[in-house]
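Below is one structure, written out as structure tokens; the observations come after it.
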Amino acid sequence: MLLRDYQKQRNFFDKRAANWHFPDTDRQKISAILESVSLPSEGVILDAGCGTGNLFPVIKKLVAAAMIIACDMAPQMLNENRRRNPDLKVPLWVGLCEELPLKNKCIDLILNYCIFPHIKNKTQALSEYWRVLKPGGCYLIIHPQGRRATNQKHLQIGKPIVNDFLPPTVSIVNHLQDHGFLIRQIIDCDDLFLIEAVKCSLH
């Protein structure tokens with residue numbers, strides 16, 4: 001999997017980077033969601049598919065002692081990210097969830113906020129997540145709408161993300177379990193999709 005395979009999606013998100021904002025209601029909602037899960041008290045948090053860094057202030061408020069690192073496939077998203085968050089000193093790189101330039105067992109938490117449908121090779125990405133997570137590390141898939149509403153939104157937007165769907169929940173869970181994750185929590189209602197998974201401490 002190479003960056004050129006994402007060229008259409010990259011162009012789509014690059015064109016929207018300057019206006020990619022969190023409304024206050026979304027910021028309050030993601031704060032409440034993250035407060036409801038098991039966050040590490042310190043360590044390294046990977047925001048995979050970080051966009052313009054909307055999550056960074058929320059994460060730093062909830063886990064002040066953590067180090068945030070982040071990647072995104074869209075260069076303009078990262079440029080806007082750096083402009084908005086100059087004081088947070090978050091290491092950023094253009095890259096894919098399927099190819100993380102990180103050591104084994106170095107991450108305490110991986111966040112996929114509104115990104116999982118856009119990952120082309122989900123099997124490869126989950127293998128990478130499992131590789132870089134420490135034993136007992138957590139992986140979160142979060143969408144502020146349910147699976148059906150998320151998929152309908154992508155259909156309405158159209159190309160190039162018209163086929164970027166959240167798979168059936170049972171399919172995602174099976175994938176995670178096949179990669180050695182334990183499922184801690186699943187929510188799929190009208191206003192939230194959340195899967196909280198943990199890397200089995202035996203691995």
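Residue numbers start at 1 in each chain; chains themselves are named A, B, ... in the order of the structure tokens; ligands are numbered from 1 in the order shown.
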Using only C-alpha atoms, I'd like a table of the residues in region 47-121 of chain A that come within 12 Å of region 149-155 of chain A; for each, show the closest atom pair and its distance in Å rounded to one decimal, ordered by chain and ascending number, as JSON lines.
{"residue": "A:Cys114", "atom": "CA", "partner": "A:Thr150", "partner_atom": "CA", "distance": 8.8}
{"residue": "A:Ile115", "atom": "CA", "partner": "A:Thr150", "partner_atom": "CA", "distance": 10.9}
{"residue": "A:Phe116", "atom": "CA", "partner": "A:Thr150", "partner_atom": "CA", "distance": 11.0}
{"residue": "A:Pro117", "atom": "CA", "partner": "A:Asn151", "partner_atom": "CA", "distance": 8.6}
{"residue": "A:His118", "atom": "CA", "partner": "A:His154", "partner_atom": "CA", "distance": 10.1}
message = Need the shell around Asp14 (chain A): protein/DNA/RNA residues with any atom at most 8 Å away, counting only C-alpha atoms. Skip same-chain ones fewer than 5 positions apart. Format as JSON, numbers by chain?
response = {"A": [74, 75, 76, 77]}
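The space between CA of Lys29 (chain A) and CA of Ile141 (chain A) spans 14.7 Å.
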Residues of region 23-65 of chain A that approach region 82-96 of chain A to 8 Å or less, counting only C-alpha atoms: could you list each one with the shortest pair of atoms and its distance in Å to one decimal, rows by chain and increasing residue number, as JSON lines?
{"residue": "A:Gly49", "atom": "CA", "partner": "A:Leu96", "partner_atom": "CA", "distance": 7.9}
{"residue": "A:Thr52", "atom": "CA", "partner": "A:Arg84", "partner_atom": "CA", "distance": 7.7}
{"residue": "A:Gly53", "atom": "CA", "partner": "A:Asn85", "partner_atom": "CA", "distance": 7.3}
task = Just the strand (DSSP E or B) stuff from region 117-192 of chain A, please, per backbone DSSP, written as a VMD selection string.
result = chain A and resid 133 to 143 181 to 189 192
task = Go ahead and compute the interatomic distance for CA of Arg131 (chain A) and CA of Asn104 (chain A), in Å to one decimal.
result =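 So the two atoms, CA of Arg131 (chain A) and CA of Asn104 (chain A), lie 5.4 Å apart.
Distances to Lys105 (chain A) were evaluated for A:Glu80, A:Lys199, A:Ile69, A:Val173 using only C-alpha atoms, and the minimum falls at A:Lys199.
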message = Using only C-alpha atoms, can you tell me which of A:Leu166, A:Leu140, A:Val132, A:Leu39 comes closest to Leu194 (chain A)?
response =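 That would be A:Leu140, the residue with the smallest distance to Leu194 (chain A).
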key: Test item: residues at most 9 Å from region 55-67 of chain A, only C-alpha atoms, excluding those fewer than 3 positions along its chain, as a PyMOL selection string   = chain A and resi 22+27-28+30-31+34-35+39-47+50+52+85+88+90+113
Go ahead and write the selection's residues with N, CA and C atoms as a PDB file, in the first residue's frame.
ATOM      1  N   PHE A  22     -13.652  21.647  14.212  1.00  0.00           N
ATOM      2  CA  PHE A  22     -14.567  21.041  15.168  1.00  0.00           C
ATOM      3  C   PHE A  22     -15.535  22.112  15.658  1.00  0.00           C
ATOM      4  N   ARG A  27     -16.552  19.137  19.959  1.00  0.00           N
ATOM      5  CA  ARG A  27     -15.444  19.085  20.918  1.00  0.00           C
ATOM      6  C   ARG A  27     -15.939  18.607  22.275  1.00  0.00           C
ATOM      7  N   GLN A  28     -17.107  19.083  22.668  1.00  0.00           N
ATOM      8  CA  GLN A  28     -17.695  18.638  23.930  1.00  0.00           C
ATOM      9  C   GLN A  28     -18.042  17.156  23.868  1.00  0.00           C
ATOM     10  N   ILE A  30     -16.655  14.739  21.883  1.00  0.00           N
ATOM     11  CA  ILE A  30     -15.481  13.863  21.883  1.00  0.00           C
ATOM     12  C   ILE A  30     -14.820  13.867  23.259  1.00  0.00           C
ATOM     13  N   SER A  31     -14.884  14.983  23.976  1.00  0.00           N
ATOM     14  CA  SER A  31     -14.363  15.007  25.346  1.00  0.00           C
ATOM     15  C   SER A  31     -15.117  14.016  26.217  1.00  0.00           C
ATOM     16  N   LEU A  34     -14.145  10.384  25.208  1.00  0.00           N
ATOM     17  CA  LEU A  34     -12.824   9.974  25.693  1.00  0.00           C
ATOM     18  C   LEU A  34     -12.802   9.834  27.215  1.00  0.00           C
ATOM     19  N   GLU A  35     -13.622  10.606  27.901  1.00  0.00           N
ATOM     20  CA  GLU A  35     -13.715  10.458  29.348  1.00  0.00           C
ATOM     21  C   GLU A  35     -14.375   9.139  29.743  1.00  0.00           C
ATOM     22  N   LEU A  39      -8.314   5.696  29.263  1.00  0.00           N
ATOM     23  CA  LEU A  39      -7.155   6.389  28.717  1.00  0.00           C
ATOM     24  C   LEU A  39      -5.935   6.140  29.602  1.00  0.00           C
ATOM     25  N   PRO A  40      -4.756   6.079  28.991  1.00  0.00           N
ATOM     26  CA  PRO A  40      -3.539   5.950  29.819  1.00  0.00           C
ATOM     27  C   PRO A  40      -3.289   7.246  30.574  1.00  0.00           C
ATOM     28  N   SER A  41      -2.680   7.149  31.728  1.00  0.00           N
ATOM     29  CA  SER A  41      -2.377   8.351  32.508  1.00  0.00           C
ATOM     30  C   SER A  41      -1.160   9.090  31.973  1.00  0.00           C
ATOM     31  N   GLU A  42      -0.356   8.362  31.185  1.00  0.00           N
ATOM     32  CA  GLU A  42       0.834   8.936  30.564  1.00  0.00           C
ATOM     33  C   GLU A  42       1.195   8.061  29.366  1.00  0.00           C
ATOM     34  N   GLY A  43       2.408   8.203  28.863  1.00  0.00           N
ATOM     35  CA  GLY A  43       2.828   7.380  27.737  1.00  0.00           C
ATOM     36  C   GLY A  43       2.655   8.076  26.405  1.00  0.00           C
ATOM     37  N   VAL A  44       2.539   7.280  25.335  1.00  0.00           N
ATOM     38  CA  VAL A  44       2.495   7.809  23.970  1.00  0.00           C
ATOM     39  C   VAL A  44       1.151   7.480  23.337  1.00  0.00           C
ATOM     40  N   ILE A  45       0.508   8.509  22.787  1.00  0.00           N
ATOM     41  CA  ILE A  45      -0.777   8.365  22.110  1.00  0.00           C
ATOM     42  C   ILE A  45      -0.579   8.672  20.629  1.00  0.00           C
ATOM     43  N   LEU A  46      -0.996   7.739  19.778  1.00  0.00           N
ATOM     44  CA  LEU A  46      -0.928   7.930  18.332  1.00  0.00           C
ATOM     45  C   LEU A  46      -2.308   8.300  17.809  1.00  0.00           C
ATOM     46  N   ASP A  47      -2.418   9.504  17.238  1.00  0.00           N
ATOM     47  CA  ASP A  47      -3.631   9.924  16.542  1.00  0.00           C
ATOM     48  C   ASP A  47      -3.409   9.601  15.066  1.00  0.00           C
ATOM     49  N   CYS A  50      -4.960  12.095  11.788  1.00  0.00           N
ATOM     50  CA  CYS A  50      -5.209  13.200  12.723  1.00  0.00           C
ATOM     51  C   CYS A  50      -5.853  14.418  12.098  1.00  0.00           C
ATOM     52  N   THR A  52      -6.519  17.957  10.941  1.00  0.00           N
ATOM     53  CA  THR A  52      -5.969  19.257  11.326  1.00  0.00           C
ATOM     54  C   THR A  52      -5.688  19.363  12.820  1.00  0.00           C
ATOM     55  N   ASN A  85      -1.698  24.431  15.846  1.00  0.00           N
ATOM     56  CA  ASN A  85      -1.189  23.891  17.107  1.00  0.00           C
ATOM     57  C   ASN A  85       0.321  24.105  17.259  1.00  0.00           C
ATOM     58  N   LEU A  88       1.965  22.944  20.740  1.00  0.00           N
ATOM     59  CA  LEU A  88       1.834  21.591  21.274  1.00  0.00           C
ATOM     60  C   LEU A  88       3.023  20.703  20.938  1.00  0.00           C
ATOM     61  N   VAL A  90       3.713  18.566  18.562  1.00  0.00           N
ATOM     62  CA  VAL A  90       3.347  17.188  18.261  1.00  0.00           C
ATOM     63  C   VAL A  90       4.113  16.721  17.024  1.00  0.00           C
ATOM     64  N   TYR A 113     -10.206   8.434  14.840  1.00  0.00           N
ATOM     65  CA  TYR A 113     -11.426   9.246  14.930  1.00  0.00           C
ATOM     66  C   TYR A 113     -11.882   9.603  13.517  1.00  0.00           C
TER      67      TYR A 113
END
request  = Please identify all polymer residues within 12 Å of His175 (chain A), counting only C-alpha atoms, omitting same-chain residues fewer than 3 positions from it, and present them as a list in words.
outcome  = Asn121, Lys122, Thr123, Gln124, Ala125, Leu126, Ser127, Trp130, Pro167, Pro168, Thr169, Val170, Ser171, Ile172, Asp178, His179, Gly180, Phe181, Leu182, Ile183 and Ala197 of chain A
Could you take the residues named above and write them with C-alpha atoms, as a compact mmCIF listing (two decimals), in the first residue's frame?
# COMPACT_ATOMS: atom_id res chain seq x y z
CA ASN A 121 -6.24 -2.16 3.68
CA LYS A 122 -7.81 -2.58 7.09
CA THR A 123 -6.18 -5.95 7.69
CA GLN A 124 -2.72 -4.47 7.19
CA ALA A 125 -3.55 -1.45 9.36
CA LEU A 126 -4.76 -3.64 12.23
CA SER A 127 -1.57 -5.68 11.97
CA TRP A 130 -1.11 -4.56 17.02
CA PRO A 167 -18.02 -2.38 7.79
CA PRO A 168 -20.61 -4.33 9.79
CA THR A 169 -19.71 -4.24 13.47
CA VAL A 170 -19.36 -8.02 13.68
CA SER A 171 -16.86 -7.91 10.82
CA ILE A 172 -14.71 -5.29 12.57
CA ASP A 178 -8.15 -12.31 14.67
CA HIS A 179 -5.30 -9.84 15.28
CA GLY A 180 -5.09 -10.56 19.00
CA PHE A 181 -7.30 -7.79 20.39
CA LEU A 182 -9.78 -8.16 23.22
CA ILE A 183 -13.00 -6.15 22.88
CA ALA A 197 -10.17 -2.82 21.96
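Considering the residues A:Asn54, A:Gln145, A:Asn81, A:Gln156 and counting only C-alpha atoms, Cys189 (chain A) has its shortest atom-to-atom contact with A:Gln145.
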message = Can you pull out the residues contacting Lys159 (chain A)? Cut-off 9 Å, using only C-alpha atoms, and skip same-chain residues under 5 positions away; I want them as a list in words.
response =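 Near Lys159 (chain A), the qualifying residues are Lys8, Gln9, Phe12 and His154 of chain A.
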query = For the atom pair CA of Ile107 (chain A) and CA of Lys134 (chain A), what is the interatomic distance in Å to one decimal place?
reply = 5.7 Å
request  = Do a neighbour search on Gly146 (chain A) at 6 Å with only C-alpha atoms, toss out local chain neighbours closer than 2 positions, and write the hits as a PyMOL selection string.
outcome  = chain A and resi 148-149+188-193
